[in-house]
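What follows is a set of notes on a single structure, which appears directly below.
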Amino acid sequence: MSLKEFLGNVLGLHIQADRSDLVFASVPREKFADIIDELVNVRGLTTQLSMSLDVSGLVGVGLALAHLYATDDRTSAGSYGVHALLHDDTSQTWFLLSTRLQPEDLSYPSVTRRVMAAHWFERFIQDMFGIEAVGHPDPRRLVHHENVPEGHFPLRKDFMWNAKMETADIAYPMPFVIGEGVVEIPLGPVYGGISEPAHFRLNVAGERMIALESKFFFTHKGVEKLLEGKNLPEALTLVEHICGDSAASHALAFAQAIENLAACKVSIRAQSLRSLVNELERVTMHISDLATIGGLGAGYTLLSSQGFRLKEQVVRLSDELLGNRFWRGLIVPGGVSRDFQANEFQKISIVMGEIIDEMLDVVSLAIQSDGLRDRLENIGILSKEAGLAYGAVGIAARASGIDRDVRRDHPYAAYGRFLPTVPIKVTGDVYARFMLRVDELKDSQRLIQELCKNPGEGAHLMPCEPKDGRDLGAVENGRGEILHLVYLKSGRIERYVIRDPSFCNWPLLGEIAPGNIVSDFPLCSQSLGLSCAGTDL
Amino acid sequence: MSVGGVRWFKARLQGRHGAVPWLPYITYANLLKKENVISSTGSWMLHVTPYAVLGSNIFLALVLPLVSVGGSLTALSNFIVVAAVLLLSSTFLVMGAFDAGSAFGGLGGSRAITLAALFEPTIILTFIALVLATGSSTLDGVISGQVMVGGLLIQAPYLVLSWFALMLTALAETARYPVDEPGTQLELTMMHEATVFDYSGPYLAMLEYASALKLTVFVLLLANLILPWPILVATSSGLTVFSVILATLLKLLVVMFVIALLESSIARVRLYRIQEFLTSAFFMALGGVSLALLSRLI
């Protein structure tokens, strides 16, 4: 039974298909949370069904909640929309479930009560749209800090992007532990090193952390709001600047969403180039993360001095090929902005081969050191159950045995032709996340060689006329899955939804850090390798 | 000099170019030009600490037999006095760290005092072993005694244990790897750096200089225990002065290189394993003392 049949016949939903791999249904708000609960947690209905009907490939064995977002459709439909995006990896299908809320009563039963992965999404919606998730276990503010007055909802259409707000002083409570010998250590948002602004409060008893509270969004820029009303070239520039180390992946997700919407064709060669840049960006990110974890976090300095030197060589390659150090400016809707020549492919293949070999040498030397392994093993453990509950993505999920990778589960670009192997670790500690990056580095090396050897033929850029509507682009980068949902209206952006992996994975820190000692906190956070730029959209 | 040298060697060992070895002096000069910013929650303790810490380290540098033996202050290098002055300096540092009431100061202070409690006994035990072996109760006497007889370790080989114990505690005392990470910018992993968190300007320069001085003192003390010559005696001529200074610099260079090699090739140990490290130092020191006692009985 396919996902479509299950949703239609069993749950009685009216299914519309946007594309073969994106299905859509609308439900009244009372049933919204229940249906998500049924699909994600496999409640009675599904279990009964799988027992009575002997069907293979039955869906409902736990879809994952990828995103929960809202739209302000008062001008077109007179109501607000709340949408849940779920993905079913077995049938490679995305399922978008929507509900409509009337402006007089902006509330719906909270999804978080049953599906914990929705906890930040619902708080985000509450801050940005003023839509209340009734029964949310933690209805505090998330994006808005103390200084934002009540009743200001930036993503509503009647909120001007350049509106000035009064400075308010509204409580932003951060729970803490009281007890004999329990101390609260505030950390950030300003750091001694070059670090993005995030604020943590470590509640410690002696050296042991017993609770962690965090506060983000110090650099909330309102990217989703700024994108509204932009045309596509303007939007692409902004999207490429969301997060410095994932410029190419964000651009790719944007281009895919536009192409899916207008059913544009992209040549095989352009697909290969996209995959190639996607892998090069992953390598850049992994080398940098390995150097940070081993070198700065655990104090094995050889790893950081060599790792950062090699990362510099990779970004210089980007500078040479694309004129910038961030793999930016290549991917555009309809293909890629320029074709690579045979000698350029050869150069990428040779240079990257050498760099990755050298990095693997340094890493294998480093992990022979008992001291380093002792620092990395058995700390910051994320169990598989916790990972699923929090909706972990990317490295953090795969290091805890959650087998999920967009490149394989929803193939895009050239990943249908060049299959990535998806390494999985089960221990879920810092060492697992460290070694997972090493394994992915090896696989990226292989993919880069293959892509350079056989990039395929075709025009690098084909015309792609934007079409109105709504669609999705999904990309897996070195950090996790990036989702972009684009709503277009007369060639301009009506609503742009960005789901960066950092947004899903930051809450994991509160799960993995407590129980470890204070001086291992940097290792816990570095091993997740998250960015604030991606979170503070 | 010693701090900058270790940094430079370390950079070279890791394939980096590295800053000039005398960079710390430039840093001290810059810091001295700046003004002191004192925490509004601090008391007089913040003002006393830099003087106390620098004073005790200068005292150590003067009385210990580093370049010369038999000077006029040497009676002060009694092993109990030396150990007590070391502890005095770390106690002041910790009290200064706690004084401003900031979280990192407290964190660093509590770590530093825990460590001090672990390595102070080892230092005293090591000194006792030296004293037992040589029969002199001052460190000056310990070194000058062996100048005459030709090498302490040759005369009493079991002191190798004490020497290693002293080396391990010296790494802890001077906040080097694998106990502390001198180059870190991560506040949470700091130990020594966190205790000087609340200081700035000239006070910071004094504290940094004191900790660099301590490193030099320990390096030379360790080197002199193995290889006492050439060392200045009260009656030396001008030529020997020159050769002694040269030899001292050479000793410094060698030990700096060894520390840099150590710091480049290992990761820092987990905080909860430091006591294993210091316990092994303690037992080595204990072994040294037992053997020294035993050899006296025989």
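Residue numbering restarts at 1 for every chain of the structure tokens, chains are lettered A, B, ... in their displayed order, and ligands are numbered from 1 as they appear.
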What are the residues of chain A that have an atom within 8 Å of an atom of chain B, counting only C-alpha atoms, as a ChimeraX atom specification?
-> /A:184-186,192-193,296,298-302,305-306,369,371-372,374-375,517-522
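When DSSP reads the backbone of this structure, the residues of segment 316-353 of chain A it assigns to alpha helix (DSSP H) are Arg316, Leu317, Ser318, Asp319, Glu320, Leu321, Leu322, Ala342, Asn343, Glu344, Phe345, Gln346, Lys347, Ile348, Ser349, Ile350, Val351, Met352 and Gly353 of chain A.
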Which residues of segment 253-292 of chain A sit at most 10 Å from segment 487-502 of chain A, using only C-alpha atoms? Give each one's shortest atom pair and distance in Å (one decimal place), in chain and ascending residue order, as JSON lines.
{"residue": "A:Ala253", "atom": "CA", "partner": "A:Ile498", "partner_atom": "CA", "distance": 9.4}
{"residue": "A:Phe254", "atom": "CA", "partner": "A:Ile498", "partner_atom": "CA", "distance": 9.4}
{"residue": "A:Ala257", "atom": "CA", "partner": "A:Tyr487", "partner_atom": "CA", "distance": 9.3}
{"residue": "A:Ile258", "atom": "CA", "partner": "A:Leu488", "partner_atom": "CA", "distance": 8.8}
{"residue": "A:Leu261", "atom": "CA", "partner": "A:Leu488", "partner_atom": "CA", "distance": 8.9}
File dump, residues just selected, C-alpha atoms, as an mmCIF file, in the first residue's frame:
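The result, stored in part_4.cif:
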data_model
loop_
_atom_site.group_PDB
_atom_site.id
_atom_site.type_symbol
_atom_site.label_atom_id
_atom_site.label_comp_id
_atom_site.auth_asym_id
_atom_site.auth_seq_id
_atom_site.Cartn_x
_atom_site.Cartn_y
_atom_site.Cartn_z
ATOM 1 C CA ALA A 253 17.632 23.909 -2.697
ATOM 2 C CA PHE A 254 16.311 27.196 -4.080
ATOM 3 C CA ALA A 257 12.228 24.361 -5.745
ATOM 4 C CA ILE A 258 11.926 26.751 -8.701
ATOM 5 C CA LEU A 261 7.521 24.268 -9.722
#
Per-residue nearest contacts of segment 190-294 of chain A to segment 466-474 of chain A (12 Å; only C-alpha atoms) as CSV:
residue,atom,partner,partner_atom,distance
A:Asn231,CA,A:Pro466,CA,9.8
A:Leu232,CA,A:Pro466,CA,8.3
A:Pro233,CA,A:Pro466,CA,11.2
A:Ser249,CA,A:Ala474,CA,9.0
A:His250,CA,A:Ala474,CA,9.1
A:Ala251,CA,A:Gly473,CA,9.8
A:Leu252,CA,A:Gly473,CA,7.8
A:Ala253,CA,A:Gly473,CA,4.5
A:Phe254,CA,A:Gly473,CA,6.2
A:Ala255,CA,A:Gly473,CA,7.4
A:Gln256,CA,A:Gly473,CA,4.9
A:Ala257,CA,A:Gly473,CA,4.2
A:Ile258,CA,A:Pro466,CA,6.6
A:Glu259,CA,A:Pro466,CA,7.8
A:Asn260,CA,A:Asp471,CA,6.5
A:Leu261,CA,A:Asp471,CA,5.5
A:Ala262,CA,A:Lys467,CA,5.0
A:Ala263,CA,A:Lys467,CA,8.8
A:Cys264,CA,A:Pro466,CA,8.9
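The closest residue to Ala64 of chain A, picked from A:Ile381, A:Val239, A:Leu447, A:Ile402 and counting only C-alpha atoms, is A:Ile402.
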Near Trp327 of chain A, counting only C-alpha atoms, which residues have an atom at most 7 Å away, once you skip same-chain residues fewer than 4 positions from it, shown as number ranges by chain?
-> A: 247-248, 277, 281, 318, 322
Selection from above, N, CA and C atoms, as a PDB file, in the first residue's frame, can you write it?
ATOM      1  N   ALA A 247      26.575  27.915   1.308  1.00  0.00           N
ATOM      2  CA  ALA A 247      26.041  28.768   0.240  1.00  0.00           C
ATOM      3  C   ALA A 247      25.535  27.930  -0.932  1.00  0.00           C
ATOM      4  N   ALA A 248      26.353  26.944  -1.364  1.00  0.00           N
ATOM      5  CA  ALA A 248      25.971  26.161  -2.531  1.00  0.00           C
ATOM      6  C   ALA A 248      24.730  25.318  -2.257  1.00  0.00           C
ATOM      7  N   VAL A 277      29.717  20.297  -6.785  1.00  0.00           N
ATOM      8  CA  VAL A 277      29.869  21.422  -5.853  1.00  0.00           C
ATOM      9  C   VAL A 277      29.301  21.061  -4.485  1.00  0.00           C
ATOM     10  N   GLU A 281      31.597  21.225  -1.167  1.00  0.00           N
ATOM     11  CA  GLU A 281      31.195  21.987   0.012  1.00  0.00           C
ATOM     12  C   GLU A 281      31.181  21.088   1.248  1.00  0.00           C
ATOM     13  N   SER A 318      38.083  27.002  -4.586  1.00  0.00           N
ATOM     14  CA  SER A 318      36.802  27.648  -4.888  1.00  0.00           C
ATOM     15  C   SER A 318      37.036  29.041  -5.446  1.00  0.00           C
ATOM     16  N   LEU A 322      35.545  29.824  -8.961  1.00  0.00           N
ATOM     17  CA  LEU A 322      34.300  30.587  -8.960  1.00  0.00           C
ATOM     18  C   LEU A 322      34.489  32.050  -8.582  1.00  0.00           C
TER      19      LEU A 322
END
How many Å separate atom CA of Thr292 of chain A from atom CA of Thr237 of chain A?
-> 29.0 Å
Quick one, how far is atom CA of Leu32 of chain B from atom CA of Ala205 of chain B?
-> 6.4 Å
From the list A:Asp158, A:Lys265, A:Val23, A:Ala399, which residue is nearest Glu465 of chain A when using only C-alpha atoms?
-> A:Lys265
Residues within 7 Å of Ala292 of chain B, only C-alpha atoms, excluding chain neighbours under 3 positions, as a ChimeraX atom specification = /B:129,132-133,288-289,295-296
Could you give me, as a list in words, the residues within 9 Å of Ser137 of chain B, counting only C-alpha atoms and dropping anything in the same chain fewer than 3 positions from it?
-> Ser77, Asn78, Phe79, Ile80, Phe127, Ile128, Leu130, Val131, Leu132, Thr134, Asp140, Gly141 and Val142 of chain B
Written file, previous selection with N, CA and C atoms, as a JSON list (two decimals), in the first residue's frame:
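Result file follows (out.json):
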[["chain", "number", "residue", "atom", "x", "y", "z"],
["B", 77, "SER", "N", 66.57, 28.98, 50.44],
["B", 77, "SER", "CA", 66.04, 27.96, 49.54],
["B", 77, "SER", "C", 65.80, 26.64, 50.25],
["B", 78, "ASN", "N", 65.52, 26.74, 51.52],
["B", 78, "ASN", "CA", 65.08, 25.56, 52.28],
["B", 78, "ASN", "C", 63.87, 24.95, 51.60],
["B", 79, "PHE", "N", 63.82, 23.63, 51.52],
["B", 79, "PHE", "CA", 62.77, 23.01, 50.68],
["B", 79, "PHE", "C", 61.36, 23.31, 51.18],
["B", 80, "ILE", "N", 61.20, 23.44, 52.50],
["B", 80, "ILE", "CA", 59.88, 23.76, 53.02],
["B", 80, "ILE", "C", 59.47, 25.17, 52.60],
["B", 127, "PHE", "N", 61.24, 16.90, 47.15],
["B", 127, "PHE", "CA", 62.32, 17.64, 47.81],
["B", 127, "PHE", "C", 62.90, 16.83, 48.97],
["B", 128, "ILE", "N", 62.01, 16.14, 49.71],
["B", 128, "ILE", "CA", 62.50, 15.34, 50.84],
["B", 128, "ILE", "C", 63.48, 14.28, 50.34],
["B", 130, "LEU", "N", 65.35, 14.43, 47.73],
["B", 130, "LEU", "CA", 66.62, 15.09, 47.39],
["B", 130, "LEU", "C", 67.43, 15.39, 48.65],
["B", 131, "VAL", "N", 66.70, 15.89, 49.65],
["B", 131, "VAL", "CA", 67.35, 16.26, 50.89],
["B", 131, "VAL", "C", 67.97, 15.04, 51.56],
["B", 132, "LEU", "N", 67.20, 13.94, 51.57],
["B", 132, "LEU", "CA", 67.70, 12.71, 52.19],
["B", 132, "LEU", "C", 68.94, 12.20, 51.47],
["B", 134, "THR", "N", 71.12, 13.91, 49.71],
["B", 134, "THR", "CA", 72.32, 14.76, 49.75],
["B", 134, "THR", "C", 72.68, 15.23, 51.16],
["B", 140, "ASP", "N", 69.70, 24.75, 47.27],
["B", 140, "ASP", "CA", 71.00, 25.25, 46.84],
["B", 140, "ASP", "C", 72.09, 24.25, 47.22],
["B", 141, "GLY", "N", 71.98, 23.76, 48.44],
["B", 141, "GLY", "CA", 72.94, 22.76, 48.89],
["B", 141, "GLY", "C", 72.85, 21.49, 48.07],
["B", 142, "VAL", "N", 71.65, 21.13, 47.71],
["B", 142, "VAL", "CA", 71.45, 19.91, 46.91],
["B", 142, "VAL", "C", 72.24, 20.01, 45.61]]
Might you pull out every residue within 7 Å of segment 78-81 of chain A, with only C-alpha atoms counted and same-chain residues fewer than 2 positions away left off, and present them as a list in words?
-> Ala70, Thr71, Asp72, Asp73, Arg74, Thr75, Ser76, His83, Ser98, Thr99, Arg100, Leu101, Gln102 and Pro103 of chain A
Among the residues A:Asp443, A:Glu228, A:Asp403, A:Asp370, the one that comes closest to Ile356 of chain A [using only C-alpha atoms] =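 Of A:Asp443, A:Glu228, A:Asp403, A:Asp370, the one nearest Ile356 of chain A is A:Asp443, counting only C-alpha atoms.
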Compile the contact shell of Ala397 of chain A as number ranges by chain: residues with an atom at most 12 Å away, counting only C-alpha atoms, same-chain residues fewer than 3 positions apart removed.
-> A: 381-394, 400-405, 422-429, 432-433, 436, 479-481, 501, 504-505, 508, 528
If you run DSSP over the backbone, which residues in segment 114-254 of chain A end up strand (DSSP E or B)? Put them as number ranges by chain.
-> A: 132-134, 182-187, 199-205, 208-215
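Comparing A:His199, A:Arg113, A:Arg156, A:Arg446 by their smallest distance to Ile125 of chain A, the closest is A:Arg156 (using only C-alpha atoms).
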Nearest to Trp161 of chain A: which of A:His136, A:Arg201, A:Lys225, A:Arg208 is it, counting only C-alpha atoms?
->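 Of all the options, A:Lys225 lies closest to Trp161 of chain A.
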